[in-house]
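*Asks:* The structure under discussion is supplied below as structure tokens; questions concerning it will follow.
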Amino acid sequence: MVQLLLDARALLGESPFWHAAEARLYWVDIEGCKIHRTDPATGTDAVMELAEQVGCIAPRANGGLVAALENGCALIDDWGAAPRPFGPPVLADKPHQRFNDGRVDAAGRLWVGSLTSDKPKRDAALYRLDPDGTLTEIFGGLMTSNGAAFSPDGRIFYHADTPTHSIHAYDVDPATGALGGKRLFHRFAEGEGRPDGAAVDAEGCYWSALWDGWRVVRLSPAGELLHTVELPVQRPTMIAFGGADLKTAFVTSAGKNLTDAERAGQPHAGGVFAFDVEVPGLAQEMFAG
């Protein structure tokens with residue numbers, strides 16, 4: 001029942017979120033330096049072009065967007081407005097890194113991680129951007145920070161370092177954002193795909209898009225595999241829930257670095273896909289800055 005919502009041919013589609021007030025799906029093409037705003041009802045797609053790569057975006061409570069760019073974060077006050085820096089450009093002296101996946105918590109803070117192109121270094125990190133612009137490093141030692149998501153009560157934080165095939169869970173203090181109690185949540189076997197972007201539904205189940213896995217999976221709060229949705233693309237990147245009842249799953253994908261043979265077998269790589277779910281997702285949190 002998976003449908004092609006938009007044949008976007010994105011290089012690296014990522015960071016989808018549902019804007020309920022606008023009834024639009026926002027998402028980015030990281031390497032295309034673009035932010036998309038798609039109307040699922042009509043299929044129309046507005047595009048904002050940026051001067052640099054954009055790892056992730058989230059809506060702001062006061063309107064506009066917060067964006068994690070190559071070197072630091074920025075605020076975009078209105079659709080089409082130029083990003084204005086917000087917080088320190090912590091990656092400016094790290095040309096082998098850029099910002100990647102992110103997630104806003106119930107307190108309006110953006111948890112955002114970086115990735116490194118020099119994987120053996122493991123010098124990427126997870127950060128937290130507070131509404132006042134303070135940027136705090138939470139932990140390092142990462143290659144590709146991904147899969148950030150929170151349980152419905154905000155007391156569990158999920159995170160994946162994609163090349164390790166592993167997702168970890170942490171206890172989190174919703175008031176302070178302090179993490180503790182790290183434990184392995186789920187590890188995918190070699191050849192089954194690697195955990196990319198994710199989302200949690202209303203029952204606390206964790207949905208993970210599997211890079212090179214041709215599918216998204218639903219894991220129980222205990223980390224057990226409950227459900228698999230096969231996709232017609234090799235590299236799904238992230239999942240988000242939307243629609244009026246939050247029962248439509250939207251999945252972005254990547255179309256870069258495919259051979260001619262691979263491209264022939266998945267002509268809609270880089271597209272955005274949709275399918276219905278029985279359990280709704282969680283409402284999108286807004287960045288408070």
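Chain identifiers are assigned as A, B, and so on, following the order in which chains appear in the structure tokens; residues are numbered from 1 within each chain, and ligands are numbered from 1 in order of appearance.
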Distance table requested - segment 193-253 of chain A against segment 85-101 of chain A, cut-off 10 Å, only C-alpha atoms: one row per qualifying residue with the closest atom pair and its distance in Å to one decimal, ordered by chain and rising residue number, as a Markdown table.

*Replies:*
| residue | atom | partner | partner_atom | distance |
| --- | --- | --- | --- | --- |
| A:Asp196 | CA | A:Asp101 | CA | 8.7 |
| A:Gly197 | CA | A:Asp101 | CA | 7.0 |
| A:Ala198 | CA | A:Asp101 | CA | 9.4 |
| A:Met238 | CA | A:Asp101 | CA | 9.2 |

*Asks:* With a distance cut-off of 12 Å and only C-alpha atoms, select the neighbouring residues of Ile156 of chain A, excluding the residue or stretch itself and same-chain residues fewer than 2 positions from it, and output the selection as a PyMOL selection string.

*Replies:* chain A and resi 105-106+148-154+158-159+168-174+177-183+185+200+204-206+221-222

*Asks:* Do you have the atom CA of Ala189 of chain A-atom CA of Glu14 of chain A distance handy?

*Replies:*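 So the two atoms, atom CA of Ala189 of chain A and atom CA of Glu14 of chain A, lie 23.5 Å apart.
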
*Asks:* Residues near Ser208 of chain A, anyone? I mean within 12 Å using only C-alpha atoms, not counting same-chain ones fewer than 3 positions away, as an mmCIF file with N, CA and C atoms, in the first residue's frame.

*Replies:*
data_model
loop_
_atom_site.group_PDB
_atom_site.id
_atom_site.type_symbol
_atom_site.label_atom_id
_atom_site.label_comp_id
_atom_site.auth_asym_id
_atom_site.auth_seq_id
_atom_site.Cartn_x
_atom_site.Cartn_y
_atom_site.Cartn_z
ATOM 1 N N ASN A 146 22.128 10.102 14.142
ATOM 2 C CA ASN A 146 20.861 9.866 13.455
ATOM 3 C C ASN A 146 19.819 9.332 14.429
ATOM 4 N N GLY A 147 18.590 9.208 13.910
ATOM 5 C CA GLY A 147 17.532 8.487 14.626
ATOM 6 C C GLY A 147 17.053 9.123 15.906
ATOM 7 N N ALA A 148 17.249 10.439 16.091
ATOM 8 C CA ALA A 148 16.836 11.093 17.334
ATOM 9 C C ALA A 148 15.314 11.098 17.460
ATOM 10 N N ALA A 149 14.821 10.660 18.615
ATOM 11 C CA ALA A 149 13.376 10.631 18.865
ATOM 12 C C ALA A 149 13.139 10.480 20.361
ATOM 13 N N TYR A 158 15.936 8.275 22.090
ATOM 14 C CA TYR A 158 16.518 7.264 21.209
ATOM 15 C C TYR A 158 17.521 7.925 20.275
ATOM 16 N N HIS A 159 18.589 7.180 19.962
ATOM 17 C CA HIS A 159 19.627 7.732 19.101
ATOM 18 C C HIS A 159 20.354 6.598 18.392
ATOM 19 N N ALA A 160 20.701 6.829 17.129
ATOM 20 C CA ALA A 160 21.452 5.849 16.344
ATOM 21 C C ALA A 160 22.731 6.479 15.810
ATOM 22 N N THR A 162 24.567 5.607 12.740
ATOM 23 C CA THR A 162 24.177 4.757 11.613
ATOM 24 C C THR A 162 25.191 3.670 11.242
ATOM 25 N N HIS A 165 25.102 0.171 13.034
ATOM 26 C CA HIS A 165 23.901 -0.662 12.934
ATOM 27 C C HIS A 165 23.066 -0.650 14.225
ATOM 28 N N SER A 166 23.392 0.210 15.167
ATOM 29 C CA SER A 166 22.791 0.131 16.500
ATOM 30 C C SER A 166 21.980 1.376 16.850
ATOM 31 N N ILE A 167 20.909 1.138 17.605
ATOM 32 C CA ILE A 167 20.096 2.190 18.204
ATOM 33 C C ILE A 167 20.217 2.044 19.713
ATOM 34 N N PHE A 185 19.180 -0.605 22.425
ATOM 35 C CA PHE A 185 17.753 -0.772 22.142
ATOM 36 C C PHE A 185 17.536 -1.824 21.052
ATOM 37 N N HIS A 186 18.300 -1.720 19.964
ATOM 38 C CA HIS A 186 18.186 -2.707 18.875
ATOM 39 C C HIS A 186 19.426 -2.603 18.001
ATOM 40 N N ARG A 187 19.886 -3.758 17.545
ATOM 41 C CA ARG A 187 20.988 -3.784 16.585
ATOM 42 C C ARG A 187 20.583 -4.607 15.377
ATOM 43 N N PHE A 188 20.774 -4.038 14.200
ATOM 44 C CA PHE A 188 20.447 -4.722 12.947
ATOM 45 C C PHE A 188 21.661 -5.496 12.463
ATOM 46 N N GLY A 193 20.572 -3.451 6.423
ATOM 47 C CA GLY A 193 20.350 -2.016 6.389
ATOM 48 C C GLY A 193 20.817 -1.383 7.692
ATOM 49 N N ARG A 194 21.010 -0.069 7.641
ATOM 50 C CA ARG A 194 21.529 0.657 8.799
ATOM 51 C C ARG A 194 20.514 1.703 9.250
ATOM 52 N N PRO A 195 20.342 1.896 10.548
ATOM 53 C CA PRO A 195 19.295 2.792 11.047
ATOM 54 C C PRO A 195 19.592 4.258 10.736
ATOM 55 N N ASP A 196 18.662 4.870 10.018
ATOM 56 C CA ASP A 196 18.771 6.274 9.636
ATOM 57 C C ASP A 196 17.762 7.062 10.489
ATOM 58 N N GLY A 197 16.983 7.936 9.877
ATOM 59 C CA GLY A 197 16.037 8.757 10.620
ATOM 60 C C GLY A 197 14.883 7.951 11.181
ATOM 61 N N ALA A 198 14.206 8.525 12.193
ATOM 62 C CA ALA A 198 13.198 7.759 12.922
ATOM 63 C C ALA A 198 12.086 8.653 13.443
ATOM 64 N N ALA A 199 11.052 8.006 13.961
ATOM 65 C CA ALA A 199 9.943 8.692 14.629
ATOM 66 C C ALA A 199 9.286 7.708 15.581
ATOM 67 N N VAL A 200 8.636 8.231 16.604
ATOM 68 C CA VAL A 200 7.928 7.421 17.591
ATOM 69 C C VAL A 200 6.428 7.654 17.433
ATOM 70 N N ASP A 201 5.637 6.585 17.575
ATOM 71 C CA ASP A 201 4.188 6.737 17.463
ATOM 72 C C ASP A 201 3.527 6.838 18.837
ATOM 73 N N CYS A 205 6.103 3.129 20.095
ATOM 74 C CA CYS A 205 6.908 2.288 19.211
ATOM 75 C C CYS A 205 7.781 3.164 18.313
ATOM 76 N N TRP A 211 18.685 2.620 5.890
ATOM 77 C CA TRP A 211 19.537 2.953 4.740
ATOM 78 C C TRP A 211 20.115 1.665 4.164
ATOM 79 N N GLY A 213 18.434 -0.704 3.220
ATOM 80 C CA GLY A 213 17.591 -1.800 3.703
ATOM 81 C C GLY A 213 16.269 -1.956 2.985
ATOM 82 N N TRP A 214 15.899 -1.004 2.124
ATOM 83 C CA TRP A 214 14.672 -1.083 1.320
ATOM 84 C C TRP A 214 13.399 -1.108 2.173
ATOM 85 N N ARG A 215 13.445 -0.602 3.399
ATOM 86 C CA ARG A 215 12.251 -0.723 4.231
ATOM 87 C C ARG A 215 12.330 0.210 5.441
ATOM 88 N N VAL A 216 11.171 0.350 6.093
ATOM 89 C CA VAL A 216 11.101 0.944 7.422
ATOM 90 C C VAL A 216 10.534 -0.122 8.349
ATOM 91 N N VAL A 217 10.937 -0.063 9.616
ATOM 92 C CA VAL A 217 10.490 -1.065 10.581
ATOM 93 C C VAL A 217 9.912 -0.384 11.814
ATOM 94 N N ARG A 218 9.006 -1.097 12.474
ATOM 95 C CA ARG A 218 8.420 -0.628 13.729
ATOM 96 C C ARG A 218 8.909 -1.533 14.854
ATOM 97 N N LEU A 219 9.527 -0.911 15.862
ATOM 98 C CA LEU A 219 10.068 -1.638 17.005
ATOM 99 C C LEU A 219 9.252 -1.303 18.244
ATOM 100 N N SER A 220 9.017 -2.296 19.077
ATOM 101 C CA SER A 220 8.279 -2.093 20.317
ATOM 102 C C SER A 220 9.113 -1.262 21.293
ATOM 103 N N GLY A 223 12.215 -2.856 22.056
ATOM 104 C CA GLY A 223 13.178 -3.074 20.988
ATOM 105 C C GLY A 223 12.899 -4.277 20.112
ATOM 106 N N LEU A 225 11.160 -6.337 17.022
ATOM 107 C CA LEU A 225 10.647 -6.038 15.690
ATOM 108 C C LEU A 225 9.182 -6.444 15.608
ATOM 109 N N LEU A 226 8.319 -5.480 15.325
ATOM 110 C CA LEU A 226 6.882 -5.732 15.252
ATOM 111 C C LEU A 226 6.353 -5.745 13.827
ATOM 112 N N HIS A 227 6.898 -4.888 12.981
ATOM 113 C CA HIS A 227 6.287 -4.697 11.665
ATOM 114 C C HIS A 227 7.331 -4.177 10.694
ATOM 115 N N THR A 228 7.223 -4.596 9.437
ATOM 116 C CA THR A 228 8.116 -4.156 8.372
ATOM 117 C C THR A 228 7.294 -3.650 7.203
ATOM 118 N N VAL A 229 7.674 -2.515 6.662
ATOM 119 C CA VAL A 229 7.044 -1.978 5.453
ATOM 120 C C VAL A 229 8.110 -1.892 4.377
ATOM 121 N N ARG A 235 17.317 3.250 -0.306
ATOM 122 C CA ARG A 235 17.813 4.119 0.762
ATOM 123 C C ARG A 235 16.744 5.052 1.318
ATOM 124 N N PRO A 236 15.762 4.495 2.028
ATOM 125 C CA PRO A 236 14.866 5.367 2.781
ATOM 126 C C PRO A 236 15.673 6.051 3.880
ATOM 127 N N THR A 237 15.321 7.288 4.187
ATOM 128 C CA THR A 237 16.171 8.065 5.088
ATOM 129 C C THR A 237 15.486 8.467 6.395
ATOM 130 N N MET A 238 14.184 8.760 6.365
ATOM 131 C CA MET A 238 13.516 9.187 7.596
ATOM 132 C C MET A 238 12.015 9.074 7.405
ATOM 133 N N ILE A 239 11.315 8.906 8.520
ATOM 134 C CA ILE A 239 9.872 8.764 8.522
ATOM 135 C C ILE A 239 9.255 9.836 9.408
ATOM 136 N N ALA A 240 8.064 10.311 9.027
ATOM 137 C CA ALA A 240 7.301 11.269 9.830
ATOM 138 C C ALA A 240 5.829 10.931 9.686
ATOM 139 N N ALA A 249 1.997 7.884 7.184
ATOM 140 C CA ALA A 249 3.452 7.875 7.317
ATOM 141 C C ALA A 249 4.062 8.404 6.030
ATOM 142 N N VAL A 251 7.775 9.045 4.076
ATOM 143 C CA VAL A 251 9.165 8.579 4.103
ATOM 144 C C VAL A 251 9.955 9.263 2.997
ATOM 145 N N THR A 252 11.048 9.912 3.380
ATOM 146 C CA THR A 252 11.961 10.492 2.399
ATOM 147 C C THR A 252 13.001 9.444 1.987
#

*Asks:* Using only C-alpha atoms for the distances, tell me which of A:Glu70, A:Glu224, A:Glu52, A:Asp29 is nearest to Trp207 of chain A.

*Replies:* A:Glu224

*Asks:* What is the atom CA of Ala41 of chain A-atom CA of Arg24 of chain A distance in Å, reported with one decimal?

*Replies:*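 Straight-line distance from atom CA of Ala41 of chain A to atom CA of Arg24 of chain A works out to 8.9 Å.
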
*Asks:* Return as a ChimeraX atom specification the full set of residues in segment 231-261 of chain A whose backbone-based DSSP assignment is strand (DSSP E).

*Replies:* /A:236-242,248-253

*Asks:* For Ala20 of chain A, which residue among A:Val54, A:Met143, A:Leu258, A:Ala244 is the nearest when counting only C-alpha atoms?

*Replies:* A:Ala244

*Asks:* Could you list, as a list in words, every residue within 10 Å of segment 78-80 of chain A, counting only C-alpha atoms and ignoring same-chain residues fewer than 5 positions away?

*Replies:* Ile35, Arg37, Ala46, Val47, Met48, Glu49, Leu50, Gly63, Gly64 and Leu65 of chain A

*Asks:* When distances are computed from only C-alpha atoms, which of A:Phe287, A:Trp111, A:Trp18, A:Tyr127 shows the smallest separation from Phe250 of chain A?

*Replies:*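 Closest to Phe250 of chain A of all the choices is A:Trp18.
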
*Asks:* Ranking A:Cys33, A:Leu129, A:Ala261, A:Val28 by minimum distance to Leu75 of chain A and counting only C-alpha atoms, which one comes first?

*Replies:*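 Closest to Leu75 of chain A of all the choices is A:Leu129.
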
*Asks:* My list of candidates is A:Asp123, A:Glu230, A:Asp130, A:Glu203. Which is closest to Gly108 of chain A when distances are computed with only C-alpha atoms?

*Replies:* A:Asp130

*Asks:* Under the rule that only C-alpha atoms are counted, which of A:Arg60, A:Lys247, A:Lys256, A:Arg263 is the nearest residue to Val279 of chain A?

*Replies:*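 Counting only C-alpha atoms, the residue closest to Val279 of chain A is A:Lys247.
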
*Asks:* Report the distance between atom CA of Thr144 of chain A and atom CA of Gln234 of chain A in Å, rounded to one decimal place.

*Replies:* 18.5 Å

*Asks:* Could you find all residues in segment 105-278 of chain A that DSSP calls alpha helix (DSSP H) from the backbone, and write them as a PyMOL selection string?

*Replies:* chain A and resi 260-265

*Asks:* Name all residues at most 8 Å from Gly140 of chain A (count only C-alpha atoms; drop same-chain ones fewer than 3 positions away) and give them as number ranges by chain.

*Replies:* A: 122-126, 137

*Asks:* Name the residues in contact with Glu31 of chain A at a cut-off of 8 Å, using only C-alpha atoms, excluding same-chain residues fewer than 6 positions from it; report them as a ChimeraX atom specification.

*Replies:* /A:11-12,53-54

*Asks:* Would you list the contacts of Arg9 of chain A as JSON, numbers by chain, taking every protein, DNA or RNA residue within 7 Å and counting only C-alpha atoms, but skipping same-chain residues closer than 3 positions in sequence?

*Replies:* {"A": [255, 268, 269, 270, 271]}
